[in-house]
>>> print(open('protein00.txt').read())   # compact mmCIF, C-alpha atoms
# COMPACT_ATOMS: atom_id res chain seq x y z
CA ALA A 1 13.66 10.97 -4.48
CA GLN A 2 11.45 8.23 -5.82
CA SER A 3 8.02 8.34 -7.40
CA VAL A 4 5.69 6.38 -9.63
CA THR A 5 3.20 7.60 -12.21
CA GLN A 6 0.28 5.45 -13.21
CA LEU A 7 -0.73 6.76 -16.57
CA ASP A 8 -4.40 5.72 -16.48
CA SER A 9 -6.75 6.26 -13.57
CA HIS A 10 -9.39 3.99 -15.15
CA VAL A 11 -9.09 1.11 -17.61
CA SER A 12 -12.05 -0.82 -19.00
CA VAL A 13 -11.70 -4.12 -20.89
CA SER A 14 -13.97 -6.91 -22.01
CA GLU A 15 -13.69 -10.31 -20.39
CA GLY A 16 -11.21 -12.47 -22.31
CA THR A 17 -9.28 -9.54 -23.79
CA PRO A 18 -5.75 -8.45 -22.78
CA VAL A 19 -5.08 -6.12 -19.87
CA LEU A 20 -2.41 -3.40 -19.88
CA LEU A 21 -1.90 -1.13 -16.86
CA ARG A 22 0.89 1.39 -17.34
CA CYS A 23 3.43 2.56 -14.78
CA ASN A 24 6.50 4.78 -15.03
CA TYR A 25 8.91 5.22 -12.16
CA SER A 26 11.56 7.61 -11.01
CA SER A 27 14.29 6.59 -8.58
CA SER A 28 17.74 7.88 -7.86
CA TYR A 29 18.86 4.38 -6.94
CA SER A 30 18.32 0.91 -8.34
CA PRO A 31 14.66 0.38 -7.63
CA SER A 32 12.58 -2.51 -6.46
CA LEU A 33 9.14 -2.37 -8.03
CA PHE A 34 5.86 -3.98 -7.09
CA TRP A 35 2.28 -4.24 -8.22
CA TYR A 36 -0.41 -4.52 -5.55
CA VAL A 37 -4.12 -5.19 -6.05
CA GLN A 38 -6.92 -3.93 -3.81
CA HIS A 39 -10.36 -5.50 -4.03
CA PRO A 40 -13.25 -3.59 -2.43
CA ASN A 41 -13.21 -3.80 1.36
CA LYS A 42 -10.14 -6.01 1.33
CA GLY A 43 -6.49 -5.43 2.13
CA LEU A 44 -3.81 -4.78 -0.43
CA GLN A 45 -2.36 -7.95 -1.91
CA LEU A 46 1.02 -8.30 -3.59
CA LEU A 47 0.70 -9.37 -7.24
CA LEU A 48 4.37 -9.44 -8.21
CA LYS A 49 7.74 -7.83 -7.55
CA TYR A 50 10.88 -6.92 -9.47
CA THR A 51 14.15 -7.33 -7.61
CA SER A 52 16.74 -6.99 -10.44
CA ALA A 53 16.99 -10.76 -10.98
CA ALA A 54 14.90 -10.98 -14.17
CA THR A 55 13.28 -8.19 -16.14
CA LEU A 56 10.12 -10.19 -16.91
CA VAL A 57 8.33 -10.98 -13.68
CA LYS A 58 5.44 -13.38 -13.32
CA GLY A 59 2.92 -12.97 -10.55
CA ILE A 60 -0.26 -14.49 -9.27
CA ASN A 61 -3.47 -14.95 -11.25
CA GLY A 62 -1.72 -14.84 -14.62
CA PHE A 63 -0.35 -11.31 -14.32
CA GLU A 64 3.15 -10.36 -15.38
CA ALA A 65 5.21 -7.19 -15.68
CA GLU A 66 8.33 -6.21 -17.57
CA PHE A 67 10.99 -3.91 -16.14
CA LYS A 68 12.38 -1.63 -18.86
CA LYS A 69 15.17 0.52 -17.53
CA SER A 70 15.58 2.52 -20.74
CA GLU A 71 11.93 3.52 -20.60
CA THR A 72 11.72 3.66 -16.78
CA SER A 73 8.56 1.59 -17.06
CA PHE A 74 7.03 -1.37 -15.27
CA HIS A 75 3.75 -2.08 -17.06
CA LEU A 76 1.40 -4.79 -15.81
CA THR A 77 -0.19 -7.17 -18.32
CA LYS A 78 -2.48 -10.16 -18.46
CA PRO A 79 -3.35 -12.03 -21.67
CA SER A 80 -7.01 -12.59 -20.85
CA ALA A 81 -9.08 -10.63 -18.34
CA HIS A 82 -11.48 -12.31 -15.96
CA MET A 83 -14.39 -10.73 -14.15
CA SER A 84 -12.62 -11.37 -10.85
CA ASP A 85 -9.74 -9.10 -11.95
CA ALA A 86 -11.91 -6.01 -11.46
CA ALA A 87 -10.14 -4.08 -8.69
CA GLU A 88 -7.76 -1.20 -8.09
CA TYR A 89 -4.10 -1.74 -8.94
CA PHE A 90 -1.16 0.13 -7.48
CA CYS A 91 2.35 0.41 -8.83
CA VAL A 92 4.87 0.80 -6.01
CA VAL A 93 8.58 1.67 -5.86
CA THR A 94 11.24 1.39 -3.21
CA PHE A 95 14.99 1.04 -3.21
CA THR A 96 17.67 -0.84 -1.31
CA GLY A 97 18.67 1.08 1.77
CA GLY A 98 15.41 2.98 1.76
CA GLY A 99 14.26 1.37 4.98
CA ASN A 100 11.61 -0.64 3.16
CA LYS A 101 9.63 2.56 2.56
CA LEU A 102 7.09 2.06 -0.23
CA THR A 103 5.98 4.88 -2.50
CA PHE A 104 2.60 4.16 -4.11
CA GLY A 105 1.17 5.44 -7.35
CA THR A 106 -2.33 6.90 -7.42
CA GLY A 107 -3.87 3.66 -8.63
CA THR A 108 -5.65 2.36 -11.73
CA GLN A 109 -9.22 1.16 -11.44
CA LEU A 110 -9.72 -1.85 -13.70
CA LYS A 111 -13.24 -2.58 -14.92
CA VAL A 112 -14.00 -5.86 -16.67
CA GLU A 113 -17.16 -6.06 -18.73
CA LEU A 114 -18.98 -9.05 -20.15
CA GLU B 115 -1.06 -17.97 9.04
CA ALA B 116 -3.47 -15.34 10.31
CA GLY B 117 -3.32 -12.00 8.57
CA VAL B 118 -3.02 -8.47 9.89
CA ALA B 119 -6.04 -7.58 12.00
CA GLN B 120 -7.46 -4.09 12.35
CA SER B 121 -10.35 -2.62 14.27
CA PRO B 122 -12.73 -1.00 13.99
CA ARG B 123 -13.49 -1.44 10.30
CA TYR B 124 -15.53 1.75 10.12
CA LYS B 125 -15.70 4.87 12.27
CA ILE B 126 -17.73 8.05 11.93
CA ILE B 127 -16.91 11.02 14.17
CA GLU B 128 -17.39 14.75 14.22
CA LYS B 129 -14.53 17.16 13.73
CA ARG B 130 -12.53 17.98 16.84
CA GLN B 131 -13.36 14.58 18.36
CA SER B 132 -10.68 12.00 19.02
CA VAL B 133 -10.42 8.49 17.57
CA ALA B 134 -8.12 5.49 17.94
CA PHE B 135 -7.37 2.58 15.65
CA TRP B 136 -5.89 -0.73 16.63
CA CYS B 137 -3.64 -3.12 14.69
CA ASN B 138 -2.44 -6.63 15.42
CA PRO B 139 0.34 -7.65 13.00
CA ILE B 140 1.22 -11.11 11.79
CA SER B 141 2.89 -13.08 14.56
CA GLY B 142 6.64 -12.66 14.54
CA HIS B 143 6.72 -9.63 12.25
CA ALA B 144 9.09 -7.07 13.71
CA THR B 145 8.17 -4.19 11.42
CA LEU B 146 4.81 -2.45 11.51
CA TYR B 147 3.54 0.37 9.30
CA TRP B 148 0.58 2.74 9.37
CA TYR B 149 -0.59 4.22 6.07
CA GLN B 150 -3.23 6.82 5.24
CA GLN B 151 -5.17 6.32 2.00
CA ILE B 152 -7.28 9.28 0.95
CA LEU B 153 -9.98 8.58 -1.63
CA GLY B 154 -8.51 8.57 -5.13
CA GLN B 155 -4.91 8.37 -3.92
CA GLY B 156 -2.39 5.69 -3.14
CA PRO B 157 -1.51 4.87 0.46
CA LYS B 158 0.94 7.23 2.14
CA LEU B 159 3.24 6.04 4.94
CA LEU B 160 2.53 7.76 8.26
CA ILE B 161 4.84 5.87 10.59
CA GLN B 162 7.07 2.79 10.61
CA PHE B 163 8.04 0.82 13.73
CA GLN B 164 10.83 -1.68 14.11
CA ASN B 165 9.92 -3.64 17.23
CA ASN B 166 9.16 -0.89 19.80
CA GLY B 167 11.12 1.87 18.11
CA VAL B 168 10.10 4.41 15.48
CA VAL B 169 12.06 4.13 12.23
CA ASP B 170 10.28 6.80 10.20
CA ASP B 171 7.57 9.24 11.25
CA SER B 172 8.50 12.05 8.90
CA GLN B 173 5.00 12.25 7.36
CA LEU B 174 3.04 11.92 10.60
CA PRO B 175 1.22 15.17 11.54
CA LYS B 176 2.53 15.12 15.07
CA ASP B 177 0.35 17.99 16.28
CA ARG B 178 -2.68 15.74 16.08
CA PHE B 179 -1.56 12.19 15.29
CA SER B 180 0.23 9.83 17.64
CA ALA B 181 1.10 6.15 17.49
CA GLU B 182 2.59 3.63 19.81
CA ARG B 183 3.64 0.02 19.69
CA LEU B 184 3.93 -1.35 23.16
CA LYS B 185 5.86 -4.60 23.66
CA GLY B 186 6.67 -4.70 19.96
CA VAL B 187 3.40 -6.35 18.96
CA ASP B 188 0.06 -4.49 18.76
CA SER B 189 -0.10 -0.87 17.78
CA THR B 190 -2.57 1.99 18.14
CA LEU B 191 -2.89 5.11 16.02
CA LYS B 192 -4.70 8.09 17.53
CA ILE B 193 -6.02 11.31 16.08
CA GLN B 194 -6.85 14.17 18.43
CA PRO B 195 -8.54 16.41 17.43
CA ALA B 196 -9.77 15.14 14.08
CA LYS B 197 -10.18 17.41 11.06
CA LEU B 198 -12.36 16.97 7.99
CA GLU B 199 -9.28 16.23 5.87
CA ASP B 200 -8.47 13.21 8.05
CA SER B 201 -11.31 11.30 6.37
CA ALA B 202 -9.49 8.33 4.81
CA VAL B 203 -8.78 4.64 5.11
CA TYR B 204 -6.05 3.86 7.63
CA LEU B 205 -4.08 0.78 6.71
CA CYS B 206 -1.79 -1.23 8.91
CA ALA B 207 0.88 -3.49 7.44
CA SER B 208 3.59 -5.72 8.86
CA SER B 209 6.69 -7.43 7.55
CA SER B 210 9.47 -9.67 8.76
CA PHE B 211 13.09 -8.80 8.01
CA ARG B 212 14.87 -11.08 5.58
CA GLY B 213 17.59 -8.79 4.29
CA ARG B 214 18.43 -5.27 3.20
CA LEU B 215 16.71 -5.62 -0.16
CA ALA B 216 13.26 -4.20 0.33
CA ALA B 217 11.70 -6.68 -2.05
CA TYR B 218 12.58 -9.49 0.36
CA ASN B 219 10.56 -7.85 3.10
CA GLU B 220 7.04 -8.15 1.72
CA GLN B 221 4.52 -6.01 3.52
CA PHE B 222 1.22 -7.70 4.40
CA PHE B 223 -1.73 -5.36 4.72
CA GLY B 224 -4.78 -5.44 6.92
CA PRO B 225 -8.30 -4.60 5.64
CA GLY B 226 -8.09 -1.03 6.92
CA THR B 227 -10.27 1.27 8.99
CA ARG B 228 -12.45 3.70 7.07
CA LEU B 229 -12.72 6.99 8.97
CA THR B 230 -15.34 9.59 8.13
CA VAL B 231 -15.05 12.97 9.84
CA LEU B 232 -18.21 15.09 9.67
>>> encode(input="protein00.txt", output="structure tokens")
Amino acid sequence: AQSVTQLDSHVSVSEGTPVLLRCNYSSSYSPSLFWYVQHPNKGLQLLLKYTSAATLVKGINGFEAEFKKSETSFHLTKPSAHMSDAAEYFCVVTFTGGGNKLTFGTGTQLKVEL
Amino acid sequence: EAGVAQSPRYKIIEKRQSVAFWCNPISGHATLYWYQQILGQGPKLLIQFQNNGVVDDSQLPKDRFSAERLKGVDSTLKIQPAKLEDSAVYLCASSSFRGRLAAYNEQFFGPGTRLTVL
């Protein structure tokens, strides 16, 4: 079985300060991990993905995530938040041979304040 | 390239009525997915098609939900009769197949259909 736990349902930061969105995963197999972003009334967009090639993954819009097997974590970070980053973020897990089935976390709503 | 198209964007119905959603995937994408996203939760896979065939429908409530993908392109998802707990956003996604590793097969999502059942 596979699952993800997003540790914070809401995160609020000031513009220009760092962003940290936390995710822990559980998978019986070597996982592939993703972060998706969902802006209001828009479709889900892939931010970045981990495929076992490199543990530090860089994505779009300055986001990055680090895969830590010992901690079963895949936290999303950004050095400096922008107002346009306000959205809902989903941590997602799947595994090779799983038929491309994605298991989503419950989401973290990011609020960026002036 | 054009993205995944869905219609309608919003739908309000009363319980026990029927409703249908339509999805047009990205051209050439063999795999199509329907997800249900209840408010405050992450999307949950309802059904996955590979061309015309069903790959996974283990979480589809088959007593009231049905889906088809004729000719391996467009797909429709139907609910009949609807219940209050079906209120959710229904997302369609598509992907091409580039290998067994799931991460190679990025899923592209449509904007969704927001269903309200009164």
>>> interface_residues(input="protein00.txt", of="chain B", to="chain A", cutoff="12 Å", atoms="all atoms listed in the file", output="PDB file with C-alpha atoms, in the frame of the given file")
ATOM      1  CA  GLY B 117      -3.320 -12.000   8.570  1.00  0.00           C
ATOM      2  CA  VAL B 118      -3.020  -8.470   9.890  1.00  0.00           C
ATOM      3  CA  ALA B 119      -6.040  -7.580  12.000  1.00  0.00           C
ATOM      4  CA  GLN B 120      -7.460  -4.090  12.350  1.00  0.00           C
ATOM      5  CA  ARG B 123     -13.490  -1.440  10.300  1.00  0.00           C
ATOM      6  CA  TYR B 124     -15.530   1.750  10.120  1.00  0.00           C
ATOM      7  CA  THR B 145       8.170  -4.190  11.420  1.00  0.00           C
ATOM      8  CA  LEU B 146       4.810  -2.450  11.510  1.00  0.00           C
ATOM      9  CA  TYR B 147       3.540   0.370   9.300  1.00  0.00           C
ATOM     10  CA  TRP B 148       0.580   2.740   9.370  1.00  0.00           C
ATOM     11  CA  TYR B 149      -0.590   4.220   6.070  1.00  0.00           C
ATOM     12  CA  GLN B 150      -3.230   6.820   5.240  1.00  0.00           C
ATOM     13  CA  GLN B 151      -5.170   6.320   2.000  1.00  0.00           C
ATOM     14  CA  ILE B 152      -7.280   9.280   0.950  1.00  0.00           C
ATOM     15  CA  LEU B 153      -9.980   8.580  -1.630  1.00  0.00           C
ATOM     16  CA  GLY B 154      -8.510   8.570  -5.130  1.00  0.00           C
ATOM     17  CA  GLN B 155      -4.910   8.370  -3.920  1.00  0.00           C
ATOM     18  CA  GLY B 156      -2.390   5.690  -3.140  1.00  0.00           C
ATOM     19  CA  PRO B 157      -1.510   4.870   0.460  1.00  0.00           C
ATOM     20  CA  LYS B 158       0.940   7.230   2.140  1.00  0.00           C
ATOM     21  CA  LEU B 159       3.240   6.040   4.940  1.00  0.00           C
ATOM     22  CA  LEU B 160       2.530   7.760   8.260  1.00  0.00           C
ATOM     23  CA  ILE B 161       4.840   5.870  10.590  1.00  0.00           C
ATOM     24  CA  GLN B 162       7.070   2.790  10.610  1.00  0.00           C
ATOM     25  CA  PHE B 163       8.040   0.820  13.730  1.00  0.00           C
ATOM     26  CA  GLN B 164      10.830  -1.680  14.110  1.00  0.00           C
ATOM     27  CA  VAL B 168      10.100   4.410  15.480  1.00  0.00           C
ATOM     28  CA  VAL B 169      12.060   4.130  12.230  1.00  0.00           C
ATOM     29  CA  ASP B 170      10.280   6.800  10.200  1.00  0.00           C
ATOM     30  CA  ASP B 171       7.570   9.240  11.250  1.00  0.00           C
ATOM     31  CA  SER B 172       8.500  12.050   8.900  1.00  0.00           C
ATOM     32  CA  GLN B 173       5.000  12.250   7.360  1.00  0.00           C
ATOM     33  CA  VAL B 203      -8.780   4.640   5.110  1.00  0.00           C
ATOM     34  CA  TYR B 204      -6.050   3.860   7.630  1.00  0.00           C
ATOM     35  CA  LEU B 205      -4.080   0.780   6.710  1.00  0.00           C
ATOM     36  CA  CYS B 206      -1.790  -1.230   8.910  1.00  0.00           C
ATOM     37  CA  ALA B 207       0.880  -3.490   7.440  1.00  0.00           C
ATOM     38  CA  SER B 208       3.590  -5.720   8.860  1.00  0.00           C
ATOM     39  CA  SER B 209       6.690  -7.430   7.550  1.00  0.00           C
ATOM     40  CA  SER B 210       9.470  -9.670   8.760  1.00  0.00           C
ATOM     41  CA  PHE B 211      13.090  -8.800   8.010  1.00  0.00           C
ATOM     42  CA  ARG B 212      14.870 -11.080   5.580  1.00  0.00           C
ATOM     43  CA  GLY B 213      17.590  -8.790   4.290  1.00  0.00           C
ATOM     44  CA  ARG B 214      18.430  -5.270   3.200  1.00  0.00           C
ATOM     45  CA  LEU B 215      16.710  -5.620  -0.160  1.00  0.00           C
ATOM     46  CA  ALA B 216      13.260  -4.200   0.330  1.00  0.00           C
ATOM     47  CA  ALA B 217      11.700  -6.680  -2.050  1.00  0.00           C
ATOM     48  CA  TYR B 218      12.580  -9.490   0.360  1.00  0.00           C
ATOM     49  CA  ASN B 219      10.560  -7.850   3.100  1.00  0.00           C
ATOM     50  CA  GLU B 220       7.040  -8.150   1.720  1.00  0.00           C
ATOM     51  CA  GLN B 221       4.520  -6.010   3.520  1.00  0.00           C
ATOM     52  CA  PHE B 222       1.220  -7.700   4.400  1.00  0.00           C
ATOM     53  CA  PHE B 223      -1.730  -5.360   4.720  1.00  0.00           C
ATOM     54  CA  GLY B 224      -4.780  -5.440   6.920  1.00  0.00           C
ATOM     55  CA  PRO B 225      -8.300  -4.600   5.640  1.00  0.00           C
ATOM     56  CA  GLY B 226      -8.090  -1.030   6.920  1.00  0.00           C
ATOM     57  CA  THR B 227     -10.270   1.270   8.990  1.00  0.00           C
ATOM     58  CA  ARG B 228     -12.450   3.700   7.070  1.00  0.00           C
TER      59      ARG B 228
END
>>> residues_near_point(input="protein00.txt", point="(6.0, -6.5, -15.2)", cutoff="6 Å", atoms="only C-alpha atoms", output="list of chain:residue names")
A:Leu56, A:Val57, A:Glu64, A:Ala65, A:Glu66, A:Phe67, A:Phe74, A:His75, A:Leu76
>>> atom_distance(input="protein00.txt", atom1="atom CA of B:Lys176", atom2="atom CA of B:Lys192")
10.4 Å
>>> atom_distance(input="protein00.txt", atom1="atom CA of A:Ser3", atom2="atom CA of A:Ser27")
6.6 Å
>>> atom_distance(input="protein00.txt", atom1="atom CA of A:Thr77", atom2="atom CA of A:Glu113")
17.0 Å
>>> residues_around(input="protein00.txt", residues="B:Glu182", least_positions_apart="2", cutoff="8 Å", atoms="only C-alpha atoms", output="list in words")
Asn166, Ser180, Leu184, Ser189, Thr190 and Leu191 of chain B
>>> residues_around(input="protein00.txt", residues="stretch 128-131 of chain B", least_positions_apart="5", cutoff="6 Å", atoms="all atoms listed in the file", output="PDB file with C-alpha atoms, keeping the file's coordinate frame")
ATOM      1  CA  PRO B 195      -8.540  16.410  17.430  1.00  0.00           C
ATOM      2  CA  ALA B 196      -9.770  15.140  14.080  1.00  0.00           C
ATOM      3  CA  LYS B 197     -10.180  17.410  11.060  1.00  0.00           C
ATOM      4  CA  VAL B 231     -15.050  12.970   9.840  1.00  0.00           C
ATOM      5  CA  LEU B 232     -18.210  15.090   9.670  1.00  0.00           C
TER       6      LEU B 232
END
>>> residues_around(input="protein00.txt", residues="A:Ser70", least_positions_apart="5", cutoff="12 Å", atoms="all atoms listed in the file", output="tab-separated table (two decimals) with C-alpha atoms, in the coordinates of the input")
chain	number	residue	atom	x	y	z
A	24	ASN	CA	6.50	4.78	-15.03
A	25	TYR	CA	8.91	5.22	-12.16
A	26	SER	CA	11.56	7.61	-11.01
A	55	THR	CA	13.28	-8.19	-16.14
